[in-house]
$ cat my_file-v9.pdb   # PDB, C-alpha atoms
ATOM      1  CA  MET A   1      69.321 -12.917  17.526
ATOM      2  CA  PRO A   2      66.147 -14.053  15.942
ATOM      3  CA  LEU A   3      62.854 -13.748  17.803
ATOM      4  CA  THR A   4      63.185 -12.560  21.369
ATOM      5  CA  PRO A   5      60.283 -11.927  23.773
ATOM      6  CA  GLU A   6      60.577  -8.197  23.007
ATOM      7  CA  THR A   7      60.162  -8.643  19.270
ATOM      8  CA  LEU A   8      57.612 -11.460  19.340
ATOM      9  CA  PRO A   9      54.488  -9.336  18.707
ATOM     10  CA  ARG A  10      56.159  -7.957  15.575
ATOM     11  CA  HIS A  11      57.810 -11.174  14.447
ATOM     12  CA  GLU A  12      56.650 -14.231  12.539
ATOM     13  CA  LEU A  13      54.296 -16.324  14.669
ATOM     14  CA  VAL A  14      53.910 -19.202  12.229
ATOM     15  CA  GLY A  15      55.950 -22.187  13.365
ATOM     16  CA  LEU A  16      55.773 -21.424  17.080
ATOM     17  CA  ASP A  17      53.992 -23.606  19.597
ATOM     18  CA  ALA A  18      51.134 -21.714  21.180
ATOM     19  CA  ARG A  19      48.526 -22.320  23.840
ATOM     20  CA  VAL A  20      45.369 -20.405  24.707
ATOM     21  CA  ARG A  21      45.815 -19.350  28.299
ATOM     22  CA  ALA A  22      42.814 -17.163  28.935
ATOM     23  CA  GLY A  23      40.043 -15.742  26.851
ATOM     24  CA  ALA A  24      36.570 -14.385  26.617
ATOM     25  CA  ASN A  25      35.394 -17.689  25.179
ATOM     26  CA  PRO A  26      35.875 -20.535  27.694
ATOM     27  CA  ASP A  27      35.582 -23.165  24.945
ATOM     28  CA  LEU A  28      38.909 -22.036  23.504
ATOM     29  CA  LEU A  29      40.809 -22.431  26.784
ATOM     30  CA  GLY A  30      43.686 -24.871  26.651
ATOM     31  CA  ILE A  31      43.775 -25.214  22.854
ATOM     32  CA  GLU A  32      47.394 -25.750  21.928
ATOM     33  CA  GLY A  33      49.469 -26.574  18.900
ATOM     34  CA  CYS A  34      51.843 -25.242  16.314
ATOM     35  CA  VAL A  35      50.726 -22.004  14.657
ATOM     36  CA  VAL A  36      50.177 -22.741  10.961
ATOM     37  CA  THR A  37      48.168 -19.830   9.615
ATOM     38  CA  GLU A  38      47.531 -16.244  10.525
ATOM     39  CA  THR A  39      44.870 -13.803   9.404
ATOM     40  CA  THR A  40      44.177 -10.275  10.566
ATOM     41  CA  LYS A  41      41.970 -11.413  13.412
ATOM     42  CA  THR A  42      42.737 -15.102  13.943
ATOM     43  CA  LEU A  43      45.530 -17.593  14.475
ATOM     44  CA  GLY A  44      45.240 -21.159  13.191
ATOM     45  CA  LEU A  45      46.654 -23.743  15.564
ATOM     46  CA  GLN A  46      47.372 -27.242  14.273
ATOM     47  CA  GLY A  47      45.507 -29.632  16.545
ATOM     48  CA  ALA A  48      45.689 -33.415  16.504
ATOM     49  CA  ASP A  49      43.038 -33.787  13.822
ATOM     50  CA  ARG A  50      42.430 -30.323  12.367
ATOM     51  CA  VAL A  51      43.480 -26.687  12.359
ATOM     52  CA  ARG A  52      41.674 -24.695  15.034
ATOM     53  CA  HIS A  53      41.143 -21.010  14.337
ATOM     54  CA  VAL A  54      41.273 -18.871  17.437
ATOM     55  CA  PRO A  55      40.338 -15.179  17.437
ATOM     56  CA  LYS A  56      43.163 -12.901  18.568
ATOM     57  CA  GLU A  57      40.919 -10.278  20.094
ATOM     58  CA  GLY A  58      40.022 -11.106  23.689
ATOM     59  CA  THR A  59      42.388 -14.049  23.989
ATOM     60  CA  THR A  60      45.679 -14.438  25.819
ATOM     61  CA  PHE A  61      48.259 -16.637  24.113
ATOM     62  CA  GLU A  62      51.281 -18.375  25.480
ATOM     63  CA  PHE A  63      54.056 -18.858  22.913
ATOM     64  CA  THR A  64      56.993 -21.193  23.398
ATOM     65  CA  LEU A  65      60.151 -19.919  21.706
ATOM     66  CA  SER A  66      62.805 -22.231  20.305
ATOM     67  CA  SER A  67      65.010 -21.227  23.248
ATOM     68  CA  GLY A  68      62.385 -22.708  25.572
ATOM     69  CA  GLU A  69      61.184 -19.374  26.857
ATOM     70  CA  VAL A  70      57.460 -19.024  27.346
ATOM     71  CA  VAL A  71      56.016 -15.650  26.376
ATOM     72  CA  THR A  72      52.502 -14.549  27.255
ATOM     73  CA  VAL A  73      50.927 -12.066  24.873
ATOM     74  CA  GLU A  74      47.525 -10.482  24.830
ATOM     75  CA  GLY A  75      45.931 -11.339  21.524
ATOM     76  CA  ARG A  76      44.783  -7.782  21.160
ATOM     77  CA  ARG A  77      48.404  -6.749  20.534
ATOM     78  CA  LEU A  78      48.557  -9.081  17.545
ATOM     79  CA  VAL A  79      45.490  -7.782  15.716
ATOM     80  CA  ALA A  80      46.871  -6.504  12.404
ATOM     81  CA  ARG A  81      47.391  -7.761   8.893
ATOM     82  CA  PRO A  82      50.126 -10.380   9.119
ATOM     83  CA  ALA A  83      52.552  -8.579   6.826
ATOM     84  CA  ARG A  84      51.917  -5.232   8.461
ATOM     85  CA  ARG A  85      52.296  -6.381  12.042
ATOM     86  CA  THR A  86      56.063  -5.873  11.844
ATOM     87  CA  GLU A  87      55.569  -2.171  11.185
ATOM     88  CA  LYS A  88      52.479  -1.460  13.242
ATOM     89  CA  SER A  89      52.910  -2.819  16.729
ATOM     90  CA  GLY A  90      55.229  -0.393  18.445
ATOM     91  CA  ASP A  91      56.843  -0.957  21.802
ATOM     92  CA  SER A  92      56.263  -4.377  23.191
ATOM     93  CA  LYS A  93      54.330  -4.674  26.417
ATOM     94  CA  TRP A  94      54.925  -8.378  26.824
ATOM     95  CA  ARG A  95      54.781  -9.792  30.295
TER      96      ARG A  95
ATOM     97  CA  MET B   1      65.177  -3.830  17.150
ATOM     98  CA  ASP B   2      64.375  -2.025  13.954
ATOM     99  CA  THR B   3      61.685  -3.019  11.554
ATOM    100  CA  GLU B   4      64.035  -3.895   8.724
ATOM    101  CA  THR B   5      65.908  -6.528  10.740
ATOM    102  CA  ILE B   6      62.676  -8.133  11.878
ATOM    103  CA  ALA B   7      61.351  -8.125   8.325
ATOM    104  CA  ARG B   8      64.509  -9.879   7.076
ATOM    105  CA  GLU B   9      64.251 -12.472   9.801
ATOM    106  CA  ARG B  10      60.594 -13.052   9.032
ATOM    107  CA  ILE B  11      61.400 -13.643   5.368
ATOM    108  CA  ASP B  12      64.107 -16.168   6.300
ATOM    109  CA  ARG B  13      61.794 -17.937   8.707
ATOM    110  CA  LEU B  14      58.983 -18.096   6.146
ATOM    111  CA  CYS B  15      61.417 -19.486   3.579
ATOM    112  CA  ASP B  16      62.338 -22.351   5.931
ATOM    113  CA  LEU B  17      58.705 -22.930   6.883
ATOM    114  CA  ALA B  18      57.666 -23.067   3.218
ATOM    115  CA  ARG B  19      60.337 -25.683   2.553
ATOM    116  CA  GLU B  20      59.207 -27.812   5.490
ATOM    117  CA  ALA B  21      55.560 -27.491   4.460
ATOM    118  CA  THR B  22      56.369 -28.611   0.905
ATOM    119  CA  VAL B  23      58.325 -31.611   2.160
ATOM    120  CA  ALA B  24      55.362 -32.497   4.395
ATOM    121  CA  GLY B  25      53.032 -32.313   1.370
ATOM    122  CA  GLU B  26      51.223 -29.163   2.544
ATOM    123  CA  ASP B  27      51.476 -27.350  -0.798
ATOM    124  CA  ALA B  28      48.759 -24.771  -0.154
ATOM    125  CA  ARG B  29      50.316 -23.837   3.155
ATOM    126  CA  ALA B  30      53.744 -23.480   1.566
ATOM    127  CA  ARG B  31      52.253 -21.152  -1.061
ATOM    128  CA  ASN B  32      50.765 -18.973   1.640
ATOM    129  CA  TYR B  33      54.160 -18.708   3.358
ATOM    130  CA  VAL B  34      55.873 -17.793   0.091
ATOM    131  CA  ARG B  35      53.238 -15.144  -0.654
ATOM    132  CA  ARG B  36      53.573 -13.688   2.814
ATOM    133  CA  ALA B  37      57.367 -13.501   2.522
ATOM    134  CA  ARG B  38      57.005 -11.706  -0.832
ATOM    135  CA  ARG B  39      54.522  -9.287   0.675
ATOM    136  CA  ILE B  40      56.826  -8.483   3.613
ATOM    137  CA  ALA B  41      59.734  -7.852   1.244
ATOM    138  CA  GLU B  42      57.532  -5.620  -0.878
ATOM    139  CA  ARG B  43      56.262  -3.594   2.055
ATOM    140  CA  ASN B  44      59.717  -3.078   3.527
ATOM    141  CA  ARG B  45      61.446  -2.582   0.163
ATOM    142  CA  LEU B  46      63.840  -5.461   0.757
ATOM    143  CA  ARG B  47      65.457  -7.689  -1.832
ATOM    144  CA  LEU B  48      64.479 -11.323  -1.465
ATOM    145  CA  PRO B  49      67.360 -13.689  -0.676
ATOM    146  CA  ARG B  50      68.792 -15.490  -3.707
ATOM    147  CA  GLU B  51      67.860 -18.864  -2.252
ATOM    148  CA  PHE B  52      64.266 -17.679  -2.091
ATOM    149  CA  THR B  53      64.062 -16.406  -5.668
ATOM    150  CA  ARG B  54      65.692 -19.549  -7.065
ATOM    151  CA  PHE B  55      63.493 -21.987  -5.170
ATOM    152  CA  THR B  56      60.084 -20.403  -5.593
ATOM    153  CA  CYS B  57      57.860 -20.274  -8.652
ATOM    154  CA  ASP B  58      57.185 -16.777 -10.001
ATOM    155  CA  SER B  59      53.893 -17.879 -11.458
ATOM    156  CA  CYS B  60      52.185 -20.029  -8.787
ATOM    157  CA  ASP B  61      54.261 -19.158  -5.690
ATOM    158  CA  ALA B  62      55.063 -22.814  -4.970
ATOM    159  CA  TYR B  63      58.227 -23.554  -3.019
ATOM    160  CA  LEU B  64      60.270 -25.695  -5.411
ATOM    161  CA  ARG B  65      61.866 -28.944  -4.348
ATOM    162  CA  PRO B  66      63.810 -30.432  -7.260
ATOM    163  CA  GLY B  67      62.569 -33.985  -7.808
ATOM    164  CA  LEU B  68      59.352 -33.337  -5.920
ATOM    165  CA  ASN B  69      57.602 -30.495  -7.733
ATOM    166  CA  ALA B  70      60.330 -29.103  -9.964
ATOM    167  CA  ARG B  71      62.649 -30.328 -12.699
ATOM    168  CA  VAL B  72      66.151 -28.922 -12.966
ATOM    169  CA  ARG B  73      68.019 -29.207 -16.256
ATOM    170  CA  THR B  74      71.420 -27.814 -17.048
ATOM    171  CA  ARG B  75      71.688 -26.259 -20.491
ATOM    172  CA  ASP B  76      74.375 -24.383 -22.350
ATOM    173  CA  GLY B  77      75.304 -21.487 -20.065
ATOM    174  CA  HIS B  78      72.254 -21.632 -17.828
ATOM    175  CA  VAL B  79      70.079 -23.769 -15.584
ATOM    176  CA  VAL B  80      66.395 -24.280 -16.357
ATOM    177  CA  VAL B  81      63.980 -24.959 -13.504
ATOM    178  CA  THR B  82      60.509 -26.112 -14.501
ATOM    179  CA  CYS B  83      57.711 -25.948 -11.957
ATOM    180  CA  ASP B  84      54.864 -28.474 -11.990
ATOM    181  CA  CYS B  85      52.617 -25.625 -13.164
ATOM    182  CA  GLY B  86      54.709 -25.330 -16.355
ATOM    183  CA  GLU B  87      56.503 -22.114 -15.515
ATOM    184  CA  GLN B  88      60.175 -22.109 -16.454
ATOM    185  CA  ALA B  89      62.860 -20.055 -14.789
ATOM    186  CA  ARG B  90      66.434 -19.708 -16.016
ATOM    187  CA  TYR B  91      69.524 -18.576 -14.270
ATOM    188  CA  PRO B  92      73.162 -18.526 -15.325
ATOM    189  CA  TYR B  93      76.009 -20.577 -13.946
ATOM    190  CA  ASP B  94      78.025 -18.471 -11.558
TER     191      ASP B  94
END

$ encode --input "my_file-v9.pdb" --output "structure tokens"
Amino acid sequence: MPLTPETLPRHELVGLDARVRAGANPDLLGIEGCVVTETTKTLGLQGADRVRHVPKEGTTFEFTLSSGEVVTVEGRRLVARPARRTEKSGDSKWR
Amino acid sequence: MDTETIARERIDRLCDLAREATVAGEDARARNYVRRARRIAERNRLRLPREFTRFTCDSCDAYLRPGLNARVRTRDGHVVVTCDCGEQARYPYD
């Protein structure tokens, strides 16, 4: 039972396919790719030619799980040090 | 689900990701994954899986692929794994 929509905000995001669905910055809209790096405030998505760093705050991400499920998460819920996210984010409010 | 289970799963996932990154030639990325897995284990007071401890370098955090960035030699009573950075790790036959 690895990685379900409920646990996603507390689980490892690296390796998932993600897409920017909505955000404060219109230039980031539609960026998609495999998540390769994570920092406290950004996610790095592997694009065709380079890694694109997208701020978590103010962005809505769409993650595709290995089961094919698509989970939409507000980036704000993911703002935390990567190793601490597992402990910090409490109940999931995924949609 | 409780934090400990998620932490264990994250460590396993990062272990696989580090291996894939090393095979793909993304050494720096693999190191970051290994470091993150170590950090998660440390924070949650979990023991790292044996596969993880045997196939990562204690000194430079590289994920070790024998033949690619590590040499494995069998000696009397133990195995010696040498990382490209020069660090040697030994473990017994068992």

$ resolve_selection --input "my_file-v9.pdb" --expression "the PyMOL selection byres ((chain A and resi 12-15) around 8)" --output "MDAnalysis selection string"
(chainID A and resid 8 10:11 16:17 34:38) or (chainID B and resid 10 13:14 17)

$ interface_residues --input "my_file-v9.pdb" --of "chain B" --to "chain A" --cutoff "9 Å" --atoms "all atoms listed in the file" --output "ChimeraX atom specification"
/B:1,3-4,6-7,9-11,13-14,17,29,32-33,36-37,39-40,43-44

$ residues_around --input "my_file-v9.pdb" --residues "Phe61 of chain A" --least-positions-apart "5" --cutoff "12 Å" --atoms "only C-alpha atoms" --output "ChimeraX atom specification"
/A:8-9,13,16-23,28-33,35,42-43,45,54-56,70-78,94-95

$ atom_distance --input "my_file-v9.pdb" --atom1 "atom CA of Arg38 of chain B" --atom2 "atom CA of Val72 of chain B"
23.0 Å

$ atom_distance --input "my_file-v9.pdb" --atom1 "atom CA of Val79 of chain A" --atom2 "atom CA of Ala21 of chain B"
24.8 Å

$ residues_around --input "my_file-v9.pdb" --residues "Ala18 of chain B" --least-positions-apart "2" --cutoff "10 Å" --atoms "only C-alpha atoms" --output "PyMOL selection string"
chain B and resi 12-16+20-24+26-35+37+56+62-64

$ atom_distance --input "my_file-v9.pdb" --atom1 "atom CA of Leu68 of chain B" --atom2 "atom CA of Glu51 of chain B"
17.2 Å

$ residues_around --input "my_file-v9.pdb" --residues "Asp84 of chain B" --least-positions-apart "2" --cutoff "10 Å" --atoms "all atoms listed in the file" --output "PyMOL selection string"
chain B and resi 57+60+62+64+68-71+81-82+86-88

$ resolve_selection --input "my_file-v9.pdb" --expression "the PyMOL selection byres ((chain A and resi 24) around 7)" --output "JSON, numbers by chain"
{"A": [23, 25, 26, 58, 59]}

$ closest_residue --input "my_file-v9.pdb" --among "B:Cys85, B:Tyr91, B:Thr5, B:Gly25" --to "Arg50 of chain B" --atoms "only C-alpha atoms"
B:Tyr91
